[in-house]
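Novice: data.cif is reproduced in full below (mmCIF, C-alpha atoms).
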data_coords
loop_
_atom_site.group_PDB
_atom_site.id
_atom_site.type_symbol
_atom_site.label_atom_id
_atom_site.label_comp_id
_atom_site.auth_asym_id
_atom_site.auth_seq_id
_atom_site.Cartn_x
_atom_site.Cartn_y
_atom_site.Cartn_z
ATOM 1 C CA MET A 1 0.000 0.000 0.000
ATOM 2 C CA ASN A 2 2.823 2.413 0.852
ATOM 3 C CA GLU A 3 4.122 2.106 -2.698
ATOM 4 C CA ARG A 4 0.909 3.613 -3.973
ATOM 5 C CA LEU A 5 1.305 6.535 -1.580
ATOM 6 C CA GLN A 6 4.793 7.335 -2.890
ATOM 7 C CA LYS A 7 3.389 9.562 -5.614
ATOM 8 C CA LEU A 8 1.624 11.625 -2.965
ATOM 9 C CA GLN A 9 4.626 11.723 -0.658
ATOM 10 C CA SER A 10 6.840 12.990 -3.488
ATOM 11 C CA SER A 11 4.671 16.124 -3.643
ATOM 12 C CA PRO A 12 6.727 19.067 -2.313
ATOM 13 C CA TYR A 13 3.692 20.537 -0.554
ATOM 14 C CA VAL A 14 2.735 17.251 1.128
ATOM 15 C CA SER A 15 6.267 16.769 2.405
ATOM 16 C CA ARG A 16 6.417 20.375 3.562
ATOM 17 C CA MET A 17 3.214 19.831 5.553
ATOM 18 C CA GLY A 18 5.045 16.879 7.109
ATOM 19 C CA VAL A 19 2.067 14.540 6.637
ATOM 20 C CA ARG A 20 2.755 10.890 7.528
ATOM 21 C CA PHE A 21 0.619 7.819 6.978
ATOM 22 C CA ASP A 22 0.018 4.925 9.281
ATOM 23 C CA ASP A 23 -1.622 1.921 7.664
ATOM 24 C CA HIS A 24 -2.947 -1.192 9.313
ATOM 25 C CA GLY A 25 -4.579 -3.577 6.881
ATOM 26 C CA ASP A 26 -7.344 -1.677 5.167
ATOM 27 C CA GLU A 27 -7.270 1.242 7.611
ATOM 28 C CA LEU A 28 -5.172 4.273 6.746
ATOM 29 C CA THR A 29 -4.652 7.114 9.210
ATOM 30 C CA ALA A 30 -3.005 10.343 8.115
ATOM 31 C CA ILE A 31 -1.025 12.311 10.704
ATOM 32 C CA LEU A 32 -0.299 16.036 10.594
ATOM 33 C CA PRO A 33 2.511 16.528 13.137
ATOM 34 C CA TYR A 34 2.145 19.771 15.061
ATOM 35 C CA ASP A 35 4.484 22.557 14.069
ATOM 36 C CA GLU A 36 4.341 26.250 14.900
ATOM 37 C CA TRP A 37 3.946 27.194 11.229
ATOM 38 C CA LEU A 38 0.488 25.530 11.161
ATOM 39 C CA ILE A 39 -0.906 28.132 13.566
ATOM 40 C CA GLY A 40 -3.486 30.516 12.093
ATOM 41 C CA ASN A 41 -4.181 32.707 15.109
ATOM 42 C CA PRO A 42 -1.356 32.726 17.667
ATOM 43 C CA LEU A 43 -3.467 34.578 20.225
ATOM 44 C CA ILE A 44 -5.971 31.735 20.751
ATOM 45 C CA PRO A 45 -3.794 29.742 19.732
ATOM 46 C CA ALA A 46 -5.538 27.719 17.014
ATOM 47 C CA LEU A 47 -4.406 25.831 13.912
ATOM 48 C CA HIS A 48 -5.115 27.592 10.606
ATOM 49 C CA GLY A 49 -8.440 26.473 9.111
ATOM 50 C CA GLY A 50 -6.736 26.343 5.728
ATOM 51 C CA ALA A 51 -4.047 23.993 7.052
ATOM 52 C CA ILE A 52 -6.680 21.640 8.481
ATOM 53 C CA GLY A 53 -8.618 21.782 5.190
ATOM 54 C CA ALA A 54 -5.468 21.107 3.165
ATOM 55 C CA PHE A 55 -4.543 18.189 5.448
ATOM 56 C CA MET A 56 -7.978 16.637 4.925
ATOM 57 C CA GLU A 57 -7.610 17.050 1.132
ATOM 58 C CA ILE A 58 -4.287 15.198 1.338
ATOM 59 C CA THR A 59 -5.989 12.496 3.453
ATOM 60 C CA ALA A 60 -8.732 12.123 0.819
ATOM 61 C CA SER A 61 -6.106 11.727 -1.935
ATOM 62 C CA ALA A 62 -4.256 9.156 0.175
ATOM 63 C CA GLY A 63 -7.482 7.232 0.824
ATOM 64 C CA LEU A 64 -8.115 7.018 -2.918
ATOM 65 C CA LEU A 65 -4.525 6.130 -3.840
ATOM 66 C CA ALA A 66 -4.189 3.487 -1.135
ATOM 67 C CA PHE A 67 -6.892 1.201 -2.431
ATOM 68 C CA THR A 68 -6.896 1.784 -6.215
ATOM 69 C CA ASP A 69 -4.186 1.908 -8.880
ATOM 70 C CA LEU A 70 -4.352 5.443 -10.199
ATOM 71 C CA ALA A 71 -2.337 6.856 -13.115
ATOM 72 C CA THR A 72 -2.194 10.362 -11.610
ATOM 73 C CA LEU A 73 -2.870 12.066 -8.284
ATOM 74 C CA PRO A 74 -6.600 12.620 -7.610
ATOM 75 C CA LYS A 75 -7.663 16.189 -8.407
ATOM 76 C CA PRO A 76 -10.226 17.919 -6.198
ATOM 77 C CA ILE A 77 -13.375 19.088 -8.008
ATOM 78 C CA ASP A 78 -15.119 20.520 -4.976
ATOM 79 C CA VAL A 79 -14.823 20.210 -1.223
ATOM 80 C CA ALA A 80 -16.977 21.318 1.693
ATOM 81 C CA VAL A 81 -15.284 21.628 5.075
ATOM 82 C CA ASP A 82 -17.095 21.940 8.404
ATOM 83 C CA TYR A 83 -15.068 23.227 11.327
ATOM 84 C CA LEU A 84 -16.389 21.739 14.553
ATOM 85 C CA ARG A 85 -13.816 22.689 17.181
ATOM 86 C CA PRO A 86 -10.754 24.941 17.223
ATOM 87 C CA GLY A 87 -7.618 23.000 16.274
ATOM 88 C CA LYS A 88 -5.332 22.908 19.314
ATOM 89 C CA PRO A 89 -1.556 23.265 18.921
ATOM 90 C CA GLN A 90 -0.969 19.504 18.746
ATOM 91 C CA ASP A 91 -0.986 16.683 16.155
ATOM 92 C CA VAL A 92 -4.059 16.104 13.997
ATOM 93 C CA TYR A 93 -5.227 12.712 12.720
ATOM 94 C CA ALA A 94 -7.594 11.999 9.843
ATOM 95 C CA ARG A 95 -9.205 9.114 8.056
ATOM 96 C CA ALA A 96 -10.948 9.033 4.703
ATOM 97 C CA SER A 97 -13.886 6.911 3.675
ATOM 98 C CA ILE A 98 -14.864 6.543 0.052
ATOM 99 C CA THR A 99 -18.608 6.917 -0.291
ATOM 100 C CA ARG A 100 -18.686 6.095 -3.953
ATOM 101 C CA GLN A 101 -16.000 5.508 -6.515
ATOM 102 C CA GLY A 102 -16.876 5.617 -10.192
ATOM 103 C CA SER A 103 -14.518 5.348 -13.146
ATOM 104 C CA ARG A 104 -13.839 9.082 -13.188
ATOM 105 C CA VAL A 105 -15.211 10.658 -10.027
ATOM 106 C CA ALA A 106 -14.908 9.579 -6.412
ATOM 107 C CA ASN A 107 -16.984 10.897 -3.534
ATOM 108 C CA VAL A 108 -14.949 11.020 -0.321
ATOM 109 C CA ARG A 109 -15.557 11.939 3.333
ATOM 110 C CA VAL A 110 -12.777 12.731 5.797
ATOM 111 C CA ASP A 111 -12.928 13.111 9.571
ATOM 112 C CA ALA A 112 -10.149 14.872 11.477
ATOM 113 C CA TRP A 113 -9.603 14.664 15.221
ATOM 114 C CA GLN A 114 -7.030 15.329 17.940
ATOM 115 C CA GLU A 115 -7.564 13.843 21.414
ATOM 116 C CA ARG A 116 -10.567 11.643 20.725
ATOM 117 C CA ARG A 117 -11.820 10.283 17.467
ATOM 118 C CA ALA A 118 -15.359 10.713 18.792
ATOM 119 C CA ALA A 119 -14.732 14.468 19.124
ATOM 120 C CA PRO A 120 -13.789 15.478 15.554
ATOM 121 C CA ILE A 121 -12.347 18.969 14.996
ATOM 122 C CA ALA A 122 -13.387 19.103 11.325
ATOM 123 C CA ASN A 123 -14.757 17.066 8.498
ATOM 124 C CA LEU A 124 -14.594 17.252 4.740
ATOM 125 C CA HIS A 125 -16.837 16.004 1.997
ATOM 126 C CA GLY A 126 -15.723 16.289 -1.591
ATOM 127 C CA HIS A 127 -15.552 15.041 -5.142
ATOM 128 C CA PHE A 128 -12.248 14.104 -6.744
ATOM 129 C CA LEU A 129 -11.369 13.427 -10.361
ATOM 130 C CA ILE A 130 -9.515 10.121 -10.670
ATOM 131 C CA LYS A 131 -7.787 8.213 -13.478
ATOM 132 C CA PRO A 132 -7.761 4.502 -12.575
ATOM 133 C CA ILE A 133 -5.288 2.279 -14.415
ATOM 134 C CA LYS A 134 -7.323 -0.339 -16.241
ATOM 135 C CA SER A 135 -6.192 -3.843 -15.262
ATOM 136 C CA ASN A 136 -6.413 -5.258 -18.799
ATOM 137 C CA GLY A 137 -5.047 -2.490 -20.985
ATOM 138 C CA MET B 1 -9.137 60.505 13.477
ATOM 139 C CA SER B 2 -8.997 56.736 13.857
ATOM 140 C CA ASP B 3 -12.783 56.544 14.045
ATOM 141 C CA THR B 4 -13.540 55.104 10.622
ATOM 142 C CA LEU B 5 -13.388 51.382 9.935
ATOM 143 C CA GLN B 6 -10.928 51.958 7.081
ATOM 144 C CA ASP B 7 -8.531 53.753 9.455
ATOM 145 C CA LYS B 8 -8.836 50.880 11.915
ATOM 146 C CA LEU B 9 -8.135 48.336 9.150
ATOM 147 C CA ASP B 10 -5.152 50.362 7.915
ATOM 148 C CA THR B 11 -3.729 50.309 11.453
ATOM 149 C CA LEU B 12 -4.153 46.517 11.635
ATOM 150 C CA ALA B 13 -3.089 45.793 8.024
ATOM 151 C CA GLY B 14 0.391 44.671 9.053
ATOM 152 C CA LEU B 15 -1.045 41.999 11.349
ATOM 153 C CA LEU B 16 -3.821 40.554 9.179
ATOM 154 C CA VAL B 17 -1.497 38.271 7.228
ATOM 155 C CA ASP B 18 1.902 38.572 8.921
ATOM 156 C CA GLY B 19 0.300 37.939 12.330
ATOM 157 C CA SER B 20 -0.703 34.447 11.195
ATOM 158 C CA PRO B 21 2.276 32.035 11.148
ATOM 159 C CA HIS B 22 0.676 29.741 8.551
ATOM 160 C CA ALA B 23 -0.212 32.576 6.154
ATOM 161 C CA LEU B 24 3.261 34.045 6.619
ATOM 162 C CA ALA B 25 4.955 30.678 5.977
ATOM 163 C CA LEU B 26 3.058 30.247 2.702
ATOM 164 C CA GLY B 27 4.342 33.677 1.665
ATOM 165 C CA MET B 28 0.901 35.329 1.586
ATOM 166 C CA LYS B 29 0.814 39.101 1.119
ATOM 167 C CA LEU B 30 -2.078 41.421 1.862
ATOM 168 C CA VAL B 31 -2.869 43.355 -1.328
ATOM 169 C CA ARG B 32 -5.648 45.446 0.215
ATOM 170 C CA VAL B 33 -8.325 45.393 2.880
ATOM 171 C CA SER B 34 -11.423 47.565 3.103
ATOM 172 C CA PRO B 35 -14.699 47.235 5.048
ATOM 173 C CA GLY B 36 -15.991 43.753 4.187
ATOM 174 C CA GLU B 37 -13.369 43.042 1.525
ATOM 175 C CA ALA B 38 -9.880 41.575 1.376
ATOM 176 C CA VAL B 39 -7.422 40.738 -1.403
ATOM 177 C CA ILE B 40 -4.496 38.437 -0.622
ATOM 178 C CA ARG B 41 -1.787 37.008 -2.877
ATOM 179 C CA ALA B 42 -0.027 33.634 -2.515
ATOM 180 C CA PRO B 43 3.261 33.397 -4.421
ATOM 181 C CA TYR B 44 4.162 30.447 -6.605
ATOM 182 C CA GLN B 45 7.009 28.723 -4.792
ATOM 183 C CA ALA B 46 8.703 25.330 -5.089
ATOM 184 C CA GLU B 47 7.401 23.995 -1.763
ATOM 185 C CA SER B 48 3.780 24.820 -2.711
ATOM 186 C CA ILE B 49 3.819 22.434 -5.689
ATOM 187 C CA GLY B 50 1.295 19.615 -5.418
ATOM 188 C CA ASP B 51 2.191 17.439 -8.385
ATOM 189 C CA PRO B 52 5.891 17.494 -9.347
ATOM 190 C CA GLU B 53 5.009 16.103 -12.805
ATOM 191 C CA THR B 54 2.910 19.145 -13.728
ATOM 192 C CA GLY B 55 4.329 21.793 -11.382
ATOM 193 C CA VAL B 56 0.801 22.819 -10.422
ATOM 194 C CA MET B 57 0.302 24.461 -7.011
ATOM 195 C CA HIS B 58 -1.356 22.131 -4.479
ATOM 196 C CA GLY B 59 -5.078 22.639 -3.899
ATOM 197 C CA GLY B 60 -4.267 22.875 -0.198
ATOM 198 C CA VAL B 61 -2.379 26.147 -0.736
ATOM 199 C CA VAL B 62 -5.398 27.550 -2.597
ATOM 200 C CA THR B 63 -7.593 26.298 0.287
ATOM 201 C CA ALA B 64 -5.454 28.083 2.880
ATOM 202 C CA LEU B 65 -5.330 31.251 0.750
ATOM 203 C CA LEU B 66 -9.110 31.343 0.239
ATOM 204 C CA ASP B 67 -9.735 30.584 3.927
ATOM 205 C CA HIS B 68 -7.415 33.405 4.955
ATOM 206 C CA ALA B 69 -8.852 35.918 2.463
ATOM 207 C CA CYS B 70 -12.434 35.021 3.459
ATOM 208 C CA GLY B 71 -11.558 35.245 7.158
ATOM 209 C CA THR B 72 -9.943 38.646 6.661
ATOM 210 C CA ALA B 73 -12.987 39.910 4.717
ATOM 211 C CA ALA B 74 -15.263 38.586 7.491
ATOM 212 C CA PHE B 75 -13.107 40.311 10.120
ATOM 213 C CA ALA B 76 -13.318 43.556 8.117
ATOM 214 C CA GLY B 77 -17.070 43.045 7.669
ATOM 215 C CA LEU B 78 -17.695 42.469 11.374
ATOM 216 C CA GLY B 79 -16.231 45.816 12.371
ATOM 217 C CA GLY B 80 -12.519 45.065 12.500
ATOM 218 C CA ASP B 81 -12.197 44.300 16.183
ATOM 219 C CA GLN B 82 -13.321 40.706 16.654
ATOM 220 C CA ALA B 83 -11.213 37.731 15.531
ATOM 221 C CA VAL B 84 -13.265 35.142 13.659
ATOM 222 C CA ALA B 85 -13.310 31.348 13.350
ATOM 223 C CA THR B 86 -14.297 29.439 10.192
ATOM 224 C CA LEU B 87 -17.621 27.602 10.534
ATOM 225 C CA ASP B 88 -17.611 26.131 7.062
ATOM 226 C CA LEU B 89 -15.772 26.573 3.817
ATOM 227 C CA ARG B 90 -16.973 25.302 0.471
ATOM 228 C CA LEU B 91 -14.585 25.319 -2.469
ATOM 229 C CA ASP B 92 -14.962 24.674 -6.188
ATOM 230 C CA TYR B 93 -11.704 23.967 -8.003
ATOM 231 C CA MET B 94 -12.384 25.082 -11.546
ATOM 232 C CA ARG B 95 -9.009 24.536 -13.164
ATOM 233 C CA PRO B 96 -5.384 24.038 -12.138
ATOM 234 C CA ALA B 97 -3.464 27.255 -11.428
ATOM 235 C CA LYS B 98 -0.849 28.003 -14.100
ATOM 236 C CA PRO B 99 2.592 26.803 -12.991
ATOM 237 C CA GLY B 100 4.807 29.783 -12.203
ATOM 238 C CA CYS B 101 1.916 32.160 -11.521
ATOM 239 C CA ASP B 102 0.967 33.678 -8.165
ATOM 240 C CA VAL B 103 -2.636 33.129 -7.075
ATOM 241 C CA VAL B 104 -4.735 36.050 -5.854
ATOM 242 C CA ALA B 105 -7.845 35.616 -3.712
ATOM 243 C CA GLU B 106 -10.487 38.343 -3.677
ATOM 244 C CA ALA B 107 -13.028 37.931 -0.875
ATOM 245 C CA LYS B 108 -16.177 39.895 -0.151
ATOM 246 C CA THR B 109 -18.545 39.752 2.805
ATOM 247 C CA ILE B 110 -22.036 39.275 1.375
ATOM 248 C CA LYS B 111 -23.909 39.745 4.651
ATOM 249 C CA VAL B 112 -23.264 40.134 8.344
ATOM 250 C CA SER B 113 -25.899 38.766 10.678
ATOM 251 C CA GLY B 114 -25.155 39.173 14.386
ATOM 252 C CA LEU B 115 -21.897 37.383 15.104
ATOM 253 C CA ILE B 116 -21.854 35.596 11.727
ATOM 254 C CA ALA B 117 -20.450 36.782 8.398
ATOM 255 C CA PHE B 118 -21.212 35.147 5.048
ATOM 256 C CA VAL B 119 -18.381 35.557 2.560
ATOM 257 C CA SER B 120 -17.685 34.605 -1.025
ATOM 258 C CA ALA B 121 -14.384 34.687 -2.851
ATOM 259 C CA ILE B 122 -12.618 33.887 -6.087
ATOM 260 C CA ALA B 123 -9.014 32.870 -6.639
ATOM 261 C CA HIS B 124 -7.362 33.647 -9.973
ATOM 262 C CA ASP B 125 -3.881 33.705 -11.472
ATOM 263 C CA GLY B 126 -4.092 36.958 -13.378
ATOM 264 C CA ASP B 127 -7.533 37.150 -14.968
ATOM 265 C CA GLU B 128 -10.410 37.479 -12.506
ATOM 266 C CA ASN B 129 -12.829 36.367 -15.242
ATOM 267 C CA ASP B 130 -11.081 33.010 -15.457
ATOM 268 C CA PRO B 131 -11.024 31.820 -11.811
ATOM 269 C CA VAL B 132 -8.909 28.953 -10.531
ATOM 270 C CA ALA B 133 -11.342 28.381 -7.667
ATOM 271 C CA THR B 134 -14.308 29.945 -5.914
ATOM 272 C CA ALA B 135 -15.272 29.781 -2.252
ATOM 273 C CA HIS B 136 -18.301 30.358 -0.058
ATOM 274 C CA ALA B 137 -17.760 30.485 3.670
ATOM 275 C CA ALA B 138 -19.350 31.365 6.988
ATOM 276 C CA PHE B 139 -17.343 32.816 9.870
ATOM 277 C CA MET B 140 -18.297 33.480 13.440
ATOM 278 C CA VAL B 141 -17.010 35.524 16.347
ATOM 279 C CA THR B 142 -16.470 32.890 19.038
ATOM 280 C CA ARG B 143 -15.709 33.383 22.727
ATOM 281 C CA ALA B 144 -12.129 32.204 22.207
ATOM 282 C CA SER B 145 -11.687 34.673 19.347
ATOM 283 C CA GLN B 146 -13.215 37.496 21.402
ATOM 284 C CA ALA B 147 -10.647 36.890 24.152
ATOM 285 C CA ALA B 148 -7.902 36.771 21.494
ATOM 286 C CA ALA B 149 -9.076 40.086 20.022
ATOM 287 C CA GLU B 150 -8.785 41.717 23.454
ATOM 288 C CA ARG B 151 -5.169 40.600 23.676
ATOM 289 C CA ALA B 152 -4.474 41.767 20.093
ATOM 290 C CA ARG B 153 -5.878 45.205 20.845
ATOM 291 C CA ALA B 154 -3.640 45.555 23.867
ATOM 292 C CA GLU B 155 -0.660 44.566 21.703
ATOM 293 C CA VAL B 156 -1.498 47.109 18.982
ATOM 294 C CA GLU B 157 -1.919 49.862 21.586
ATOM 295 C CA GLN B 158 1.451 48.914 23.025
ATOM 296 C CA HIS B 159 3.019 49.131 19.533
ATOM 297 C CA MET B 160 1.458 52.520 18.933
ATOM 298 C CA ALA B 161 2.662 53.790 22.296
ATOM 299 C CA ASN B 162 6.170 52.564 21.459
ATOM 300 C CA ASP B 163 6.056 54.213 18.011
ATOM 301 C CA LYS B 164 4.978 57.476 19.572
ATOM 302 C CA ALA B 165 7.774 57.299 22.101
ATOM 303 C CA GLY B 166 10.335 56.377 19.409
ATOM 304 C CA GLY B 167 9.529 58.792 16.593
ATOM 305 C CA ALA B 168 8.124 62.087 17.880
ATOM 306 C CA SER B 169 8.828 63.968 14.628
ATOM 307 C CA SER B 170 5.193 63.956 13.476
#
As structure tokens, please, write out the structure in this file.
Specialist:
Amino acid sequence: MNERLQKLQSSPYVSRMGVRFDDHGDELTAILPYDEWLIGNPLIPALHGGAIGAFMEITASAGLLAFTDLATLPKPIDVAVDYLRPGKPQDVYARASITRQGSRVANVRVDAWQERRAAPIANLHGHFLIKPIKSNG
Amino acid sequence: MSDTLQDKLDTLAGLLVDGSPHALALGMKLVRVSPGEAVIRAPYQAESIGDPETGVMHGGVVTALLDHACGTAAFAGLGGDQAVATLDLRLDYMRPAKPGCDVVAEAKTIKVSGLIAFVSAIAHDGDENDPVATAHAAFMVTRASQAAAERARAEVEQHMANDKAGGASS
């Protein structure tokens, strides 16, 4: 599975964000390690909403790449992000679930959390353009 | 003299982007801010590339840029003295940004209702009639952000007092 994620991990932006992946069987968790540069408002302090959104987009791409052979990185068509709690200055975790995957478009949901998975800080719902590699030419 | 909202925003302009470590790290620059509106630029830089094969900027950078521009417009729409938190952000990615081009986000507060501001924005790479992405977002003044705004105000007043003490020529 990690081989399939190599394409994503070779992305300069993904490596700059420092995103790591932890996979156990068919469960893939993305980790955004806390760093000061992820802070949006230092006075609260809270993580930048854009950083959390971007992390969940990366998680969605990883979720798609991990379980399908794709010729290129998934491209977002649209995403809707709900912010549920302020992101504390600590690591963020996220998992993607694929609601529907067609031959060109995939519908993905992502949940992001910090201390408890049952207390998500944000979630994302979006459509991604995908290019699966056909198994028989 | 510092009674108008524009004066207040001009005083805070240096903090709206540079005061946010994430916006600063992505190289964002405030182009202009006025009551209910904000324009912010994100430069094309090597570490913002999403796909090394195409050199296209990662959607996440555009997400952070649009979130920051919308948040700044909401802040400027809510009177310029209350920090805001994103409630939701909806983005349409219309086309990849041109490799090598900066992306500019132009955000406008459509309506303020109590503690909530509704904002829409476009991101483009030169031609505003050919957007890279559009965004619709809702922001709210939360208790945590109210407390943060109090601290920010104290900091700005401190800066102004220091400036006055340092340069008495005017």
Novice: Could you jot down the atom CA of Gln9 of chain A to atom CA of Arg116 of chain A separation for me, Å, one decimal place?
Specialist: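 The value is 26.2 Å.
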Novice: Contacts from chain A to chain B, 9 Å maximum, only C-alpha atoms: show me the residue list as a ChimeraX atom specification.
Specialist: /A:7-8,10-16,36-45,47-58,72-73,75-84,86
Novice: Residues at most 9 Å from Ala30 of chain A, counting only C-alpha atoms, excluding those fewer than 6 positions away in the same chain, as a PyMOL selection string?
Specialist: chain A and resi 19-23+55-56+58-59+62+92-96
Novice: Using all atoms listed in the file, find the one residue out of B:Pro99, B:Gly114, B:Gly80, B:Gly36 that sits nearest to Thr54 of chain B.
Specialist: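 Going through B:Pro99, B:Gly114, B:Gly80, B:Gly36 one by one, the smallest distance to Thr54 of chain B is for B:Pro99.
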Novice: Looking at only C-alpha atoms, which of A:Glu115, A:Glu3, A:Glu27, A:Asp35 is the one that sits closest to Ile98 of chain A?
Specialist: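 Closest candidate: A:Glu27.
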Novice: Within 9 Å of Thr99 of chain A, counting all atoms listed in the file, which residues qualify if same-chain residues fewer than 2 places away don't, as a list in words?
Specialist: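 Close residues of Thr99 of chain A: Ser97, Gln101, Ala106, Asn107, Val108 and Arg109 of chain A.
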Novice: Have a look at B:Ala76, B:Ala69, B:Ala121, B:Ala38 and name the one nearest to Asp7 of chain B; count all atoms listed in the file.
Specialist: B:Ala76
Novice: Have a look at atom CA of Asp125 of chain B and atom CA of Ala107 of chain B and let me know their distance in Å, one decimal.
Specialist: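 Between atom CA of Asp125 of chain B and atom CA of Ala107 of chain B the gap works out to 14.6 Å.
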Novice: Using only C-alpha atoms for the distances, tell me which of A:Ala118, A:Asn123, A:Asp111, A:Leu28 is nearest to Leu64 of chain A.
Specialist: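 The closest residue to Leu64 of chain A is A:Leu28.
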Novice: Run the PyMOL selection byres ((chain A and resi 4) around 8) on the file and write out the hits as a ChimeraX atom specification.
Specialist: /A:1-3,5-7,65-66,69
Novice: Do you have the atom CA of Thr68 of chain A-atom CA of Ala112 of chain A distance handy?
Specialist: 22.2 Å
Novice: Name every residue that the PyMOL selection byres ((chain B and resi 8) around 12) selects in this structure, writing the answer as a list of chain:residue names with chains first and numbers rising.
Specialist: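 Taken over the shown coordinates, the PyMOL selection byres ((chain B and resi 8) around 12) returns B:Met1, B:Ser2, B:Asp3, B:Thr4, B:Leu5, B:Gln6, B:Asp7, B:Leu9, B:Asp10, B:Thr11, B:Leu12, B:Ala13, B:Gly14, B:Leu15, B:Leu16, B:Val33, B:Ser34, B:Pro35, B:Phe75, B:Ala76, B:Gly79, B:Gly80, B:Asp81, B:Arg153, B:Val156, B:Glu157.
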Novice: For a quick check of understanding, using all atoms listed in the file, which of A:Ala46, A:Ile31, A:Leu124, A:Met17 has the smallest distance to Ala60 of chain A?
Specialist: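 Closest residue, counting all atoms listed in the file: A:Leu124.
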Novice: Return as JSON the box centre and box size in Å, one decimal, for an axis-aligned box around all listed atoms of segment 65-75 of chain A padded by 8 Å per side.
Specialist:
{"center_x": -4.9, "center_y": 8.7, "center_z": -7.1, "size_x": 21.5, "size_y": 31.0, "size_z": 28.0}
Novice: When you count all atoms listed in the file, which of these residues is closest to Thr29 of chain A: A:Arg104, A:Lys88, A:Val110, A:Ala122?
Specialist: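 Answer, going by the shortest atom-to-atom distance: A:Val110.
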Novice: Could you name the residues that touch His124 of chain B at 8 Å or less, counting only C-alpha atoms, but leaving out those on the same chain fewer than 3 positions away, as number ranges by chain?
Specialist: B: 97, 103-105, 127-128, 130-133
Novice: Please complete segment 79-84 of chain A so it has all heavy atoms, and hand it over as a short mmCIF file (atom, residue, chain, number, x, y, z; two decimals), in the frame of the given file.
Specialist:
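Done, and the output landed in result-v7.cif:
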data_model
loop_
_atom_site.label_atom_id
_atom_site.label_comp_id
_atom_site.auth_asym_id
_atom_site.auth_seq_id
_atom_site.Cartn_x
_atom_site.Cartn_y
_atom_site.Cartn_z
N VAL A 79 -14.86 20.72 -2.60
CA VAL A 79 -14.82 20.21 -1.22
C VAL A 79 -15.64 21.14 -0.33
O VAL A 79 -15.70 22.34 -0.57
CB VAL A 79 -13.38 20.09 -0.64
CG1 VAL A 79 -12.53 19.14 -1.44
CG2 VAL A 79 -12.70 21.43 -0.52
N ALA A 80 -16.26 20.54 0.68
CA ALA A 80 -16.98 21.32 1.69
C ALA A 80 -16.38 20.91 3.04
O ALA A 80 -16.30 19.73 3.35
CB ALA A 80 -18.46 20.99 1.64
N VAL A 81 -15.92 21.90 3.79
CA VAL A 81 -15.28 21.63 5.08
C VAL A 81 -16.13 22.23 6.19
O VAL A 81 -16.52 23.40 6.11
CB VAL A 81 -13.86 22.22 5.12
CG1 VAL A 81 -13.19 21.92 6.46
CG2 VAL A 81 -13.00 21.69 3.99
N ASP A 82 -16.42 21.44 7.21
CA ASP A 82 -17.10 21.94 8.40
C ASP A 82 -16.07 21.97 9.53
O ASP A 82 -15.38 20.97 9.77
CB ASP A 82 -18.24 21.01 8.83
CG ASP A 82 -19.49 21.25 8.01
OD1 ASP A 82 -19.57 22.32 7.37
OD2 ASP A 82 -20.38 20.39 8.03
N TYR A 83 -15.98 23.11 10.19
CA TYR A 83 -15.07 23.23 11.33
C TYR A 83 -15.89 23.08 12.60
O TYR A 83 -16.83 23.84 12.83
CB TYR A 83 -14.35 24.57 11.28
CG TYR A 83 -13.42 24.65 10.10
CD1 TYR A 83 -13.84 25.20 8.88
CD2 TYR A 83 -12.13 24.14 10.18
CE1 TYR A 83 -12.99 25.24 7.78
CE2 TYR A 83 -11.28 24.18 9.09
CZ TYR A 83 -11.70 24.73 7.91
OH TYR A 83 -10.86 24.76 6.82
N LEU A 84 -15.56 22.08 13.40
CA LEU A 84 -16.39 21.74 14.55
C LEU A 84 -15.81 22.23 15.88
O LEU A 84 -16.55 22.56 16.79
CB LEU A 84 -16.59 20.22 14.60
CG LEU A 84 -17.11 19.62 13.28
CD1 LEU A 84 -17.03 18.11 13.30
CD2 LEU A 84 -18.53 20.07 12.99
#
